[in-house]
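One file, my_file_23.cif, carrying mmCIF, C-alpha atoms:
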```cif
data_work
#
loop_
_atom_site.label_atom_id
_atom_site.label_comp_id
_atom_site.auth_asym_id
_atom_site.auth_seq_id
_atom_site.Cartn_x
_atom_site.Cartn_y
_atom_site.Cartn_z
CA MET O 13 -175.18 -1.06 -160.86
CA PRO O 14 -172.54 1.43 -159.56
CA ILE O 15 -173.69 4.04 -157.07
CA GLU O 16 -173.39 7.58 -158.42
CA THR O 17 -171.73 9.69 -155.76
CA PRO O 18 -172.03 13.50 -155.66
CA LEU O 19 -168.45 13.71 -156.98
CA VAL O 20 -169.21 11.51 -159.99
CA SER O 21 -172.45 13.42 -160.62
CA ASP O 22 -170.61 16.76 -160.57
CA ILE O 23 -167.94 15.52 -163.00
CA ARG O 24 -170.56 14.11 -165.38
CA SER O 25 -172.55 17.34 -165.27
CA ALA O 26 -169.44 19.42 -166.02
CA SER O 27 -168.48 17.05 -168.85
CA ARG O 28 -171.90 17.42 -170.49
CA LEU O 29 -171.69 21.20 -170.22
CA MET O 30 -168.21 21.21 -171.79
CA VAL O 31 -169.36 19.01 -174.67
CA ARG O 32 -172.19 21.45 -175.43
CA GLU O 33 -170.21 24.66 -174.99
CA LEU O 34 -167.21 23.43 -177.00
CA GLY O 35 -169.50 22.65 -179.90
CA PHE O 36 -169.26 18.87 -180.04
CA MET O 37 -173.04 18.53 -180.41
CA ALA O 38 -172.87 20.27 -183.79
CA SER O 39 -172.05 18.61 -187.10
CA THR O 40 -169.02 20.87 -187.58
CA LEU O 41 -166.41 22.18 -185.15
CA ALA O 42 -164.07 25.12 -184.51
CA SER O 43 -165.57 27.40 -187.16
CA THR O 44 -164.76 24.92 -189.95
CA ASN O 45 -166.89 22.85 -192.30
CA TYR O 46 -165.48 19.66 -190.77
CA SER O 47 -166.75 17.18 -188.19
CA PRO O 48 -165.19 16.95 -184.72
CA SER O 49 -163.25 13.80 -185.73
CA ALA O 50 -161.88 15.52 -188.84
CA VAL O 51 -160.81 18.59 -186.86
CA HIS O 52 -159.13 16.37 -184.28
CA THR O 53 -157.31 14.51 -187.08
CA LEU O 54 -155.98 17.73 -188.61
CA VAL O 55 -154.71 18.99 -185.24
CA GLU O 56 -153.04 15.67 -184.40
CA LEU O 57 -151.32 15.49 -187.78
CA ASP O 58 -150.01 19.00 -187.20
CA LEU O 59 -148.46 17.74 -183.95
CA GLN O 60 -147.28 14.33 -185.16
CA LYS O 61 -146.30 15.46 -188.72
CA GLU O 62 -147.04 12.02 -190.22
CA MET O 63 -149.28 9.11 -189.20
CA THR O 64 -150.74 5.99 -190.78
CA ALA O 65 -154.47 5.43 -191.08
CA GLY O 66 -154.13 2.56 -188.60
CA GLN O 67 -152.53 4.81 -186.01
CA LEU O 68 -155.40 7.29 -186.41
CA VAL O 69 -157.95 4.50 -185.88
CA GLN O 70 -156.30 3.68 -182.56
CA LEU O 71 -155.92 7.32 -181.53
CA LEU O 72 -159.50 8.33 -182.33
CA GLY O 73 -161.09 5.15 -181.01
CA LEU O 74 -163.36 4.93 -184.07
CA GLU O 75 -164.23 2.17 -186.51
CA LYS O 76 -161.73 1.69 -189.32
CA SER O 77 -164.43 2.26 -191.97
CA SER O 78 -165.48 5.58 -190.39
CA VAL O 79 -161.88 6.82 -190.28
CA SER O 80 -161.29 5.71 -193.88
CA ARG O 81 -164.31 7.72 -195.11
CA MET O 82 -163.27 10.78 -193.11
CA LEU O 83 -159.70 10.63 -194.43
CA ALA O 84 -160.94 10.26 -198.01
CA ARG O 85 -162.96 13.45 -197.60
CA LEU O 86 -159.99 15.37 -196.18
CA ILE O 87 -157.74 14.17 -199.02
CA ALA O 88 -160.37 15.12 -201.59
CA ALA O 89 -160.65 18.56 -199.96
CA GLY O 90 -156.89 19.06 -200.31
CA GLU O 91 -156.26 19.14 -196.55
CA LEU O 92 -154.22 15.91 -196.43
CA GLU O 93 -151.94 13.99 -198.76
CA GLU O 94 -150.62 10.44 -198.77
CA VAL O 95 -146.87 9.89 -198.99
CA ILE O 96 -144.75 6.75 -199.25
CA SER O 97 -143.02 5.89 -195.97
CA SER O 98 -139.26 6.38 -196.04
CA GLU O 99 -138.92 3.20 -193.97
CA ASP O 100 -141.18 0.92 -196.01
CA ALA O 101 -142.16 1.67 -199.61
CA ARG O 102 -145.33 -0.38 -199.19
CA THR O 103 -146.63 1.83 -196.39
CA LYS O 104 -148.52 5.08 -196.96
CA ARG O 105 -148.45 7.84 -194.38
CA LEU O 106 -150.68 10.89 -194.08
CA ARG O 107 -149.56 14.48 -193.65
CA LEU O 108 -150.99 17.97 -193.95
CA THR O 109 -150.84 19.86 -197.21
CA ALA O 110 -150.15 23.60 -197.29
CA LYS O 111 -153.93 24.10 -197.24
CA GLY O 112 -154.23 21.76 -194.25
CA GLN O 113 -151.55 23.67 -192.36
CA GLU O 114 -153.47 26.91 -192.92
CA THR O 115 -156.70 25.25 -191.75
CA VAL O 116 -154.98 24.10 -188.55
CA ARG O 117 -153.67 27.62 -187.92
CA GLU O 118 -157.25 28.90 -188.14
CA ILE O 119 -158.47 26.11 -185.84
CA ASN O 120 -155.76 26.88 -183.28
CA THR O 121 -156.50 30.62 -183.35
CA TYR O 122 -160.22 30.01 -182.89
CA SER O 123 -159.69 27.48 -180.08
CA SER O 124 -157.11 29.59 -178.21
CA ASP O 125 -159.36 32.62 -178.36
CA ARG O 126 -162.23 30.62 -176.85
CA VAL O 127 -160.04 29.37 -174.00
CA LEU O 128 -158.67 32.83 -173.27
CA ASN O 129 -162.15 34.34 -173.32
CA ALA O 130 -163.42 31.67 -170.91
CA ILE O 131 -160.67 32.03 -168.31
CA LYS O 132 -160.02 35.78 -168.49
CA THR O 133 -162.23 36.52 -165.47
CA LEU O 134 -160.45 33.94 -163.30
CA ASP O 135 -157.39 34.62 -161.19
CA PRO O 136 -154.07 32.85 -162.01
CA LEU O 137 -154.55 30.21 -159.31
CA GLN O 138 -157.98 29.26 -160.66
CA GLN O 139 -156.60 29.12 -164.19
CA LYS O 140 -153.82 26.78 -163.06
CA THR O 141 -156.36 24.62 -161.21
CA ILE O 142 -158.37 24.22 -164.42
CA SER O 143 -155.27 23.25 -166.38
CA GLN O 144 -154.13 20.68 -163.85
CA GLY O 145 -157.60 19.26 -163.29
CA LEU O 146 -158.36 18.84 -166.98
CA SER O 147 -154.99 17.17 -167.57
CA LEU O 148 -155.58 14.70 -164.75
CA TYR O 149 -159.09 13.95 -165.96
CA ALA O 150 -157.98 13.46 -169.57
CA ARG O 151 -155.24 11.02 -168.54
CA ALA O 152 -157.70 9.12 -166.34
CA LEU O 153 -160.16 8.83 -169.23
CA LEU O 154 -157.40 7.54 -171.51
CA ALA O 155 -156.30 4.98 -168.94
CA GLY O 156 -159.91 3.87 -168.57
CA ARG O 157 -160.23 3.33 -172.33
CA GLU O 158 -157.00 1.33 -172.53
CA THR O 159 -157.63 -0.75 -169.41
CA PRO O 160 -160.01 -3.72 -169.57
CA VAL O 161 -162.97 -3.57 -167.21
CA ASN O 162 -162.17 -4.82 -163.70
CA VAL O 163 -158.43 -5.27 -164.27
CA GLN O 164 -157.34 -6.10 -160.75
CA PRO O 165 -154.26 -8.07 -159.72
CA ASP O 166 -156.42 -10.93 -158.44
CA ALA O 167 -158.54 -10.96 -161.63
CA LEU O 168 -155.56 -11.71 -163.89
CA LYS O 169 -154.14 -15.23 -164.03
CA ILE O 170 -150.94 -16.48 -165.64
CA VAL O 171 -151.28 -20.11 -166.72
CA SER O 172 -148.88 -22.39 -168.58
CA GLY O 173 -149.51 -24.93 -171.30
CA TYR O 174 -152.01 -25.34 -174.09
CA LEU O 175 -155.57 -24.04 -173.82
CA PRO O 176 -158.32 -24.57 -176.41
CA GLY O 177 -158.45 -21.62 -178.79
CA MET O 178 -154.94 -20.51 -177.81
CA ILE O 179 -153.39 -20.64 -181.28
CA GLY O 180 -156.15 -18.65 -182.95
CA ARG O 181 -156.24 -16.03 -180.20
CA ILE O 182 -152.46 -15.46 -180.21
CA VAL O 183 -152.47 -15.16 -183.99
CA GLU O 184 -155.39 -12.72 -183.78
CA MET O 185 -153.57 -10.47 -181.29
CA HIS O 186 -150.42 -10.47 -183.45
CA GLY O 187 -152.31 -9.84 -186.68
CA SER O 188 -154.45 -7.00 -185.30
CA TYR O 189 -151.66 -5.15 -183.52
CA TYR O 190 -148.94 -5.41 -186.17
CA SER O 191 -151.30 -4.62 -189.04
CA ARG O 192 -152.56 -1.49 -187.32
CA GLU O 193 -149.27 -0.22 -185.94
CA HIS O 194 -146.72 -1.43 -188.52
CA ASN O 195 -148.70 -2.39 -191.63
CA PHE O 196 -147.68 -6.06 -191.46
CA GLY O 197 -150.05 -8.16 -193.53
CA ARG O 198 -150.99 -11.69 -194.50
CA PHE O 199 -147.37 -12.90 -194.78
CA PHE O 200 -146.69 -12.01 -191.14
CA GLU O 201 -149.94 -13.41 -189.78
CA ALA O 202 -149.48 -16.67 -191.68
CA LYS O 203 -145.93 -17.00 -190.38
CA VAL O 204 -147.11 -16.55 -186.79
CA ALA O 205 -149.87 -19.13 -187.31
CA SER O 206 -147.67 -21.79 -188.90
CA GLY O 207 -144.85 -21.36 -186.40
CA LEU O 208 -147.15 -21.48 -183.41
CA ALA O 209 -149.00 -24.52 -184.75
CA GLU O 210 -145.70 -26.38 -185.21
CA PHE O 211 -144.48 -25.38 -181.76
CA SER O 212 -147.70 -26.54 -180.08
CA GLU O 213 -146.94 -30.09 -181.22
CA ARG O 214 -143.74 -29.96 -179.14
CA LEU O 215 -145.19 -28.49 -175.96
CA GLU O 216 -145.00 -31.74 -174.00
CA LYS O 217 -141.20 -31.72 -174.15
CA PRO O 218 -139.73 -30.35 -170.91
CA CYS O 219 -137.57 -27.76 -172.68
CA ASN O 220 -140.60 -26.01 -174.22
CA GLN O 221 -143.37 -24.02 -172.55
CA ILE O 222 -145.95 -21.31 -173.17
CA TRP O 223 -147.62 -18.92 -170.71
CA LEU O 224 -150.97 -17.21 -171.17
CA ALA O 225 -152.40 -14.21 -169.37
CA ILE O 226 -156.11 -14.82 -168.69
CA LEU O 227 -158.60 -12.10 -167.77
CA ASN O 228 -162.30 -12.85 -167.36
CA ASP O 229 -161.76 -16.20 -169.13
CA LYS O 230 -160.17 -14.50 -172.15
CA ILE O 231 -156.55 -14.82 -173.30
CA VAL O 232 -155.05 -11.32 -173.18
CA GLY O 233 -151.35 -12.09 -173.51
CA SER O 234 -148.78 -14.78 -174.28
CA VAL O 235 -145.10 -15.66 -174.35
CA ALA O 236 -143.30 -18.91 -175.17
CA ILE O 237 -139.90 -20.47 -174.65
CA ASP O 238 -138.69 -22.80 -177.40
CA GLY O 239 -135.76 -24.85 -176.20
CA GLU O 240 -135.18 -26.76 -179.42
CA ASP O 241 -134.81 -24.44 -182.42
CA LEU O 242 -131.45 -22.84 -181.50
CA GLU O 243 -128.08 -24.13 -180.31
CA PRO O 244 -128.09 -26.82 -177.58
CA GLY O 245 -128.49 -25.26 -174.15
CA GLU O 246 -129.93 -22.02 -175.56
CA ALA O 247 -133.58 -20.93 -175.67
CA HIS O 248 -135.70 -18.85 -178.02
CA LEU O 249 -138.25 -16.44 -176.52
CA ARG O 250 -141.22 -16.25 -178.92
CA TRP O 251 -144.76 -14.89 -179.42
CA PHE O 252 -144.70 -12.22 -176.75
CA ILE O 253 -147.90 -10.24 -177.29
CA LEU O 254 -150.51 -8.39 -175.24
CA ASP O 255 -154.09 -7.48 -175.94
CA ASP O 256 -154.52 -3.79 -176.77
CA GLY O 257 -156.20 -3.06 -173.43
CA CYS O 258 -153.50 -4.66 -171.27
CA ARG O 259 -150.41 -2.68 -172.21
CA GLY O 260 -148.82 -0.60 -169.48
CA TYR O 261 -150.33 -2.43 -166.51
CA GLY O 262 -147.68 -5.00 -165.66
CA VAL O 263 -149.14 -7.94 -167.59
CA GLY O 264 -146.14 -8.18 -169.91
CA LYS O 265 -143.70 -8.09 -167.01
CA LYS O 266 -145.54 -10.96 -165.32
CA LEU O 267 -145.44 -13.08 -168.47
CA LEU O 268 -141.75 -12.45 -169.13
CA THR O 269 -140.86 -13.08 -165.48
CA GLU O 270 -142.49 -16.52 -165.65
CA ALA O 271 -140.66 -17.29 -168.89
CA MET O 272 -137.27 -16.27 -167.50
CA ARG O 273 -137.86 -18.18 -164.26
CA PHE O 274 -138.44 -21.27 -166.40
CA CYS O 275 -135.24 -20.62 -168.40
CA ASP O 276 -133.22 -20.25 -165.23
CA SER O 277 -134.56 -23.45 -163.67
CA ALA O 278 -134.08 -25.34 -166.94
CA GLY O 279 -130.42 -24.34 -166.99
CA PHE O 280 -130.32 -22.52 -170.31
CA SER O 281 -127.05 -20.66 -170.73
CA ALA O 282 -128.60 -18.04 -173.02
CA VAL O 283 -131.99 -16.84 -174.21
CA HIS O 284 -132.41 -15.05 -177.55
CA LEU O 285 -135.28 -13.11 -179.08
CA TRP O 286 -135.76 -11.40 -182.42
CA THR O 287 -137.68 -8.14 -182.78
CA PHE O 288 -137.33 -4.79 -184.56
CA ASN O 289 -136.40 -1.28 -183.59
CA LYS O 290 -139.88 0.30 -183.30
CA LEU O 291 -141.07 -1.76 -180.32
CA THR O 292 -139.64 0.56 -177.67
CA ALA O 293 -141.98 -0.46 -174.82
CA ALA O 294 -141.15 -4.14 -175.32
CA ARG O 295 -137.44 -3.31 -175.49
CA SER O 296 -137.64 -1.62 -172.09
CA LEU O 297 -139.19 -4.76 -170.64
CA TYR O 298 -136.53 -7.00 -172.17
CA GLU O 299 -133.71 -4.83 -170.87
CA SER O 300 -135.23 -4.71 -167.38
CA LEU O 301 -134.87 -8.50 -167.29
CA GLY O 302 -131.23 -8.50 -168.40
CA PHE O 303 -131.52 -8.77 -172.18
CA ARG O 304 -128.99 -6.78 -174.19
CA LEU O 305 -128.97 -5.77 -177.84
CA ALA O 306 -126.65 -8.21 -179.64
CA LYS O 307 -127.21 -7.47 -183.34
CA GLU O 308 -129.04 -5.01 -185.59
CA TRP O 309 -129.53 -5.22 -189.36
CA GLU O 310 -131.92 -4.48 -192.23
CA GLY O 311 -134.13 -7.51 -192.89
CA ASP O 312 -137.51 -8.65 -194.16
CA GLN O 313 -138.30 -11.87 -192.30
CA TRP O 314 -141.70 -10.42 -191.26
CA GLY O 315 -142.67 -9.37 -194.76
CA SER O 316 -141.49 -5.73 -194.65
CA LEU O 317 -138.02 -4.22 -194.87
CA ILE O 318 -137.28 -3.03 -191.33
CA LYS O 319 -134.39 -2.72 -188.90
CA GLU O 320 -134.38 -6.09 -187.17
CA GLN O 321 -132.79 -6.68 -183.78
CA GLN O 322 -131.56 -9.62 -181.75
CA PHE O 323 -131.56 -9.39 -177.96
CA THR O 324 -129.74 -11.90 -175.77
CA TRP O 325 -129.81 -12.82 -172.10
CA ARG O 326 -126.85 -14.79 -170.72
CA LYS O 327 -126.78 -16.61 -167.43
CA ASP O 328 -123.31 -15.39 -166.51
CA VAL O 329 -124.15 -11.70 -167.12
#
```
Could you take the file, read its structure, and then write that structure out as structure tokens?
Amino acid sequence: MPIETPLVSDIRSASRLMVRELGFMASTLASTNYSPSAVHTLVELDLQKEMTAGQLVQLLGLEKSSVSRMLARLIAAGELEEVISSEDARTKRLRLTAKGQETVREINTYSSDRVLNAIKTLDPLQQKTISQGLSLYARALLAGRETPVNVQPDALKIVSGYLPGMIGRIVEMHGSYYSREHNFGRFFEAKVASGLAEFSERLEKPCNQIWLAILNDKIVGSVAIDGEDLEPGEAHLRWFILDDGCRGYGVGKKLLTEAMRFCDSAGFSAVHLWTFNKLTAARSLYESLGFRLAKEWEGDQWGSLIKEQQFTWRKDV
């Protein structure tokens, strides 16, 4: 059991006081008839303009069923409306109605007045200290939610080759992430499953390999190199995925580094990967390892019409 230091005790005490004084113990918030989660949703949609229900589930950290019920109430109340995505006609996005925009203006006025009333007796330096301290604390809480417990460099292992349960776990990570973030469905998940199952039968060949990130005996990431399904002497980088709690902490870089080290030692002249234009974090990783955008086009190989991309690494570049 962790020892509670005076510092931790003080922060917890202040957090409890803030929860009470800001009204989060009540069934409604910010002088509205809505719950704290509903108020938060309205404010976020005002900032983001449009979001999917899946993105709100991730943002709020709530169960999908709870978010669905809350959104249904806000739509019925005329605060939100569903619109067809301009990028994919099968995807619905949420946005504020005129009534919702007015509600958010009232929420913002109420909230700003409360902040101003609370800090008006403090000098400018104290006010700045509060702002900086709360920002640091909020970012630390977010990092704590997104980081698996006890993620330490020596706790994470990168292993190569097949492990029992590997196929199901990799498919699960793909299905969960791409359904929530990009509304990919059964077609995509089935394609990942069938392709990975076929590839696993060829893993003993020296030109093929897969790497798994393991944390506390659980697979939290993967990447594979397929040396057979493209032109001779060229490799295909496939099934690069991370568990939700492992993004942003170097796990992906470790996996890709192992894969590219393998490609270099195997003598591949080029490595190709196929992705799409919304995966900006992954693109940054690819480019840091020497991949360059080679092609871009509208396609539907993952079950939705999106802007597909091909990135290529060449040994002589």
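Here the PyMOL selection byres ((chain O and resi 196) around 10) captures the residues Arg102, Thr103, His186, Gly187, Ser188, Tyr189, Tyr190, Ser191, Arg192, Glu193, His194, Asn195, Gly197, Arg198, Phe199, Phe200, Glu201, Trp314, Gly315 and Ser316 of chain O.
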Closest of O:Leu254, O:Val204, O:Cys275, O:Leu57 to Asn220 in chain O - atom-to-atom distances counting all atoms listed in the file: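 Comparing O:Leu254, O:Val204, O:Cys275, O:Leu57 against Asn220 in chain O, the winner is O:Cys275.
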Apply the PyMOL selection byres ((chain O and resi 176-179) around 8) to the file shown and report the selected residues as a compact mmCIF listing (two decimals) with C-alpha atoms, in the coordinates of the input.
```txt
# COMPACT_ATOMS: atom_id res chain seq x y z
CA TYR O 174 -152.01 -25.34 -174.09
CA LEU O 175 -155.57 -24.04 -173.82
CA GLY O 180 -156.15 -18.65 -182.95
CA ARG O 181 -156.24 -16.03 -180.20
CA ILE O 182 -152.46 -15.46 -180.21
CA VAL O 183 -152.47 -15.16 -183.99
CA ALA O 205 -149.87 -19.13 -187.31
CA LEU O 208 -147.15 -21.48 -183.41
CA ALA O 209 -149.00 -24.52 -184.75
CA ILE O 231 -156.55 -14.82 -173.30
```
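Between CA of Arg326 in chain O and CA of Phe280 in chain O the interatomic distance comes to 8.5 Å.
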Pairwise distance for CA of Glu33 in chain O and CA of Arg126 in chain O, rounded to one decimal in Å: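 CA of Arg126 in chain O lies 10.1 Å from CA of Glu33 in chain O.
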Which of O:Val127, O:Thr269, O:Ala167, O:Pro244 sits closest to Met30 in chain O [using all atoms listed in the file]: O:Val127
Point (-148.6, 6.6, -195.9) neighbourhood (6 Å, all atoms listed in the file) written as a list in words: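 I get Thr64, Glu94, Val95, Ile96, Ser97, Thr103, Lys104, Arg105 and Leu106 of chain O for the residues within 6 Å of that point.
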I need the residues from that last selection saved to file as a short mmCIF file (atom, residue, chain, number, x, y, z; two decimals), in the coordinates of the input (with C-alpha atoms), if you can.
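Writing done, so here's again.cif:
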```cif
data_model
loop_
_atom_site.label_atom_id
_atom_site.label_comp_id
_atom_site.auth_asym_id
_atom_site.auth_seq_id
_atom_site.Cartn_x
_atom_site.Cartn_y
_atom_site.Cartn_z
CA THR O 64 -150.74 5.99 -190.78
CA GLU O 94 -150.62 10.44 -198.77
CA VAL O 95 -146.87 9.89 -198.99
CA ILE O 96 -144.75 6.75 -199.25
CA SER O 97 -143.02 5.89 -195.97
CA THR O 103 -146.63 1.83 -196.39
CA LYS O 104 -148.52 5.08 -196.96
CA ARG O 105 -148.45 7.84 -194.38
CA LEU O 106 -150.68 10.89 -194.08
#
```
Pick from O:Ala247, O:Cys219, O:Val55, O:Ile318, whichever lies nearest to Leu285 in chain O using all atoms listed in the file: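 Checking each of O:Ala247, O:Cys219, O:Val55, O:Ile318 against Leu285 in chain O, counting all atoms listed in the file, the winner is O:Ala247.
Between CA of Glu299 in chain O and CA of Ser234 in chain O there is a distance of 18.4 Å.
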Pick from O:Gln221, O:Ser47, O:Thr141, O:Ser147 nearest to Ala271 in chain O, counting only C-alpha atoms: O:Gln221
Result set, the PyMOL selection byres ((chain O and resi 92) around 12) on current file, as a VMD selection string: chain O and resid 50 to 51 53 to 55 57 to 58 61 to 65 82 to 91 93 to 95 105 to 116
N, CA and C atoms modelled onto range 35-56 of chain O, as a PDB file, in the coordinates of the input:
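Now in selection_16.pdb:
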```
ATOM      1  N   GLY O  35    -168.956  22.827-178.560  1.00  0.00           N
ATOM      2  CA  GLY O  35    -169.500  22.650-179.900  1.00  0.00           C
ATOM      3  C   GLY O  35    -169.534  21.234-180.418  1.00  0.00           C
ATOM      4  N   PHE O  36    -169.321  20.244-179.554  1.00  0.00           N
ATOM      5  CA  PHE O  36    -169.260  18.870-180.040  1.00  0.00           C
ATOM      6  C   PHE O  36    -170.633  18.283-180.363  1.00  0.00           C
ATOM      7  N   MET O  37    -171.705  18.993-180.040  1.00  0.00           N
ATOM      8  CA  MET O  37    -173.040  18.530-180.410  1.00  0.00           C
ATOM      9  C   MET O  37    -173.370  18.908-181.856  1.00  0.00           C
ATOM     10  N   ALA O  38    -172.610  19.828-182.424  1.00  0.00           N
ATOM     11  CA  ALA O  38    -172.870  20.270-183.790  1.00  0.00           C
ATOM     12  C   ALA O  38    -172.210  19.331-184.796  1.00  0.00           C
ATOM     13  N   SER O  39    -172.615  19.476-186.061  1.00  0.00           N
ATOM     14  CA  SER O  39    -172.050  18.610-187.100  1.00  0.00           C
ATOM     15  C   SER O  39    -170.682  19.083-187.552  1.00  0.00           C
ATOM     16  N   THR O  40    -170.346  20.345-187.267  1.00  0.00           N
ATOM     17  CA  THR O  40    -169.020  20.870-187.580  1.00  0.00           C
ATOM     18  C   THR O  40    -168.418  21.473-186.323  1.00  0.00           C
ATOM     19  N   LEU O  41    -167.105  21.754-186.369  1.00  0.00           N
ATOM     20  CA  LEU O  41    -166.410  22.180-185.150  1.00  0.00           C
ATOM     21  C   LEU O  41    -165.374  23.252-185.459  1.00  0.00           C
ATOM     22  N   ALA O  42    -165.145  24.122-184.483  1.00  0.00           N
ATOM     23  CA  ALA O  42    -164.070  25.120-184.510  1.00  0.00           C
ATOM     24  C   ALA O  42    -164.136  26.027-185.733  1.00  0.00           C
ATOM     25  N   SER O  43    -165.365  26.457-186.062  1.00  0.00           N
ATOM     26  CA  SER O  43    -165.570  27.400-187.160  1.00  0.00           C
ATOM     27  C   SER O  43    -165.057  26.870-188.502  1.00  0.00           C
ATOM     28  N   THR O  44    -165.135  25.554-188.680  1.00  0.00           N
ATOM     29  CA  THR O  44    -164.760  24.920-189.950  1.00  0.00           C
ATOM     30  C   THR O  44    -166.000  24.266-190.550  1.00  0.00           C
ATOM     31  N   ASN O  45    -165.821  23.645-191.693  1.00  0.00           N
ATOM     32  CA  ASN O  45    -166.890  22.850-192.300  1.00  0.00           C
ATOM     33  C   ASN O  45    -166.709  21.362-192.008  1.00  0.00           C
ATOM     34  N   TYR O  46    -165.836  21.043-191.045  1.00  0.00           N
ATOM     35  CA  TYR O  46    -165.480  19.660-190.770  1.00  0.00           C
ATOM     36  C   TYR O  46    -166.069  19.149-189.462  1.00  0.00           C
ATOM     37  N   SER O  47    -166.235  17.837-189.393  1.00  0.00           N
ATOM     38  CA  SER O  47    -166.750  17.180-188.190  1.00  0.00           C
ATOM     39  C   SER O  47    -165.712  17.232-187.073  1.00  0.00           C
ATOM     40  N   PRO O  48    -166.150  16.989-185.825  1.00  0.00           N
ATOM     41  CA  PRO O  48    -165.190  16.950-184.720  1.00  0.00           C
ATOM     42  C   PRO O  48    -164.039  15.965-184.947  1.00  0.00           C
ATOM     43  N   SER O  49    -164.331  14.776-185.504  1.00  0.00           N
ATOM     44  CA  SER O  49    -163.250  13.800-185.730  1.00  0.00           C
ATOM     45  C   SER O  49    -162.269  14.295-186.782  1.00  0.00           C
ATOM     46  N   ALA O  50    -162.762  14.986-187.805  1.00  0.00           N
ATOM     47  CA  ALA O  50    -161.880  15.520-188.840  1.00  0.00           C
ATOM     48  C   ALA O  50    -160.992  16.633-188.286  1.00  0.00           C
ATOM     49  N   VAL O  51    -161.588  17.515-187.479  1.00  0.00           N
ATOM     50  CA  VAL O  51    -160.810  18.590-186.860  1.00  0.00           C
ATOM     51  C   VAL O  51    -159.727  18.009-185.959  1.00  0.00           C
ATOM     52  N   HIS O  52    -160.100  17.012-185.179  1.00  0.00           N
ATOM     53  CA  HIS O  52    -159.130  16.370-184.280  1.00  0.00           C
ATOM     54  C   HIS O  52    -157.994  15.746-185.088  1.00  0.00           C
ATOM     55  N   THR O  53    -158.327  15.121-186.216  1.00  0.00           N
ATOM     56  CA  THR O  53    -157.310  14.510-187.080  1.00  0.00           C
ATOM     57  C   THR O  53    -156.336  15.545-187.600  1.00  0.00           C
ATOM     58  N   LEU O  54    -156.847  16.673-188.075  1.00  0.00           N
ATOM     59  CA  LEU O  54    -155.980  17.730-188.610  1.00  0.00           C
ATOM     60  C   LEU O  54    -155.027  18.251-187.531  1.00  0.00           C
ATOM     61  N   VAL O  55    -155.544  18.469-186.327  1.00  0.00           N
ATOM     62  CA  VAL O  55    -154.710  18.990-185.240  1.00  0.00           C
ATOM     63  C   VAL O  55    -153.639  17.976-184.847  1.00  0.00           C
ATOM     64  N   GLU O  56    -154.008  16.702-184.765  1.00  0.00           N
ATOM     65  CA  GLU O  56    -153.040  15.670-184.400  1.00  0.00           C
ATOM     66  C   GLU O  56    -151.954  15.510-185.445  1.00  0.00           C
TER      67      GLU O  56
END
```
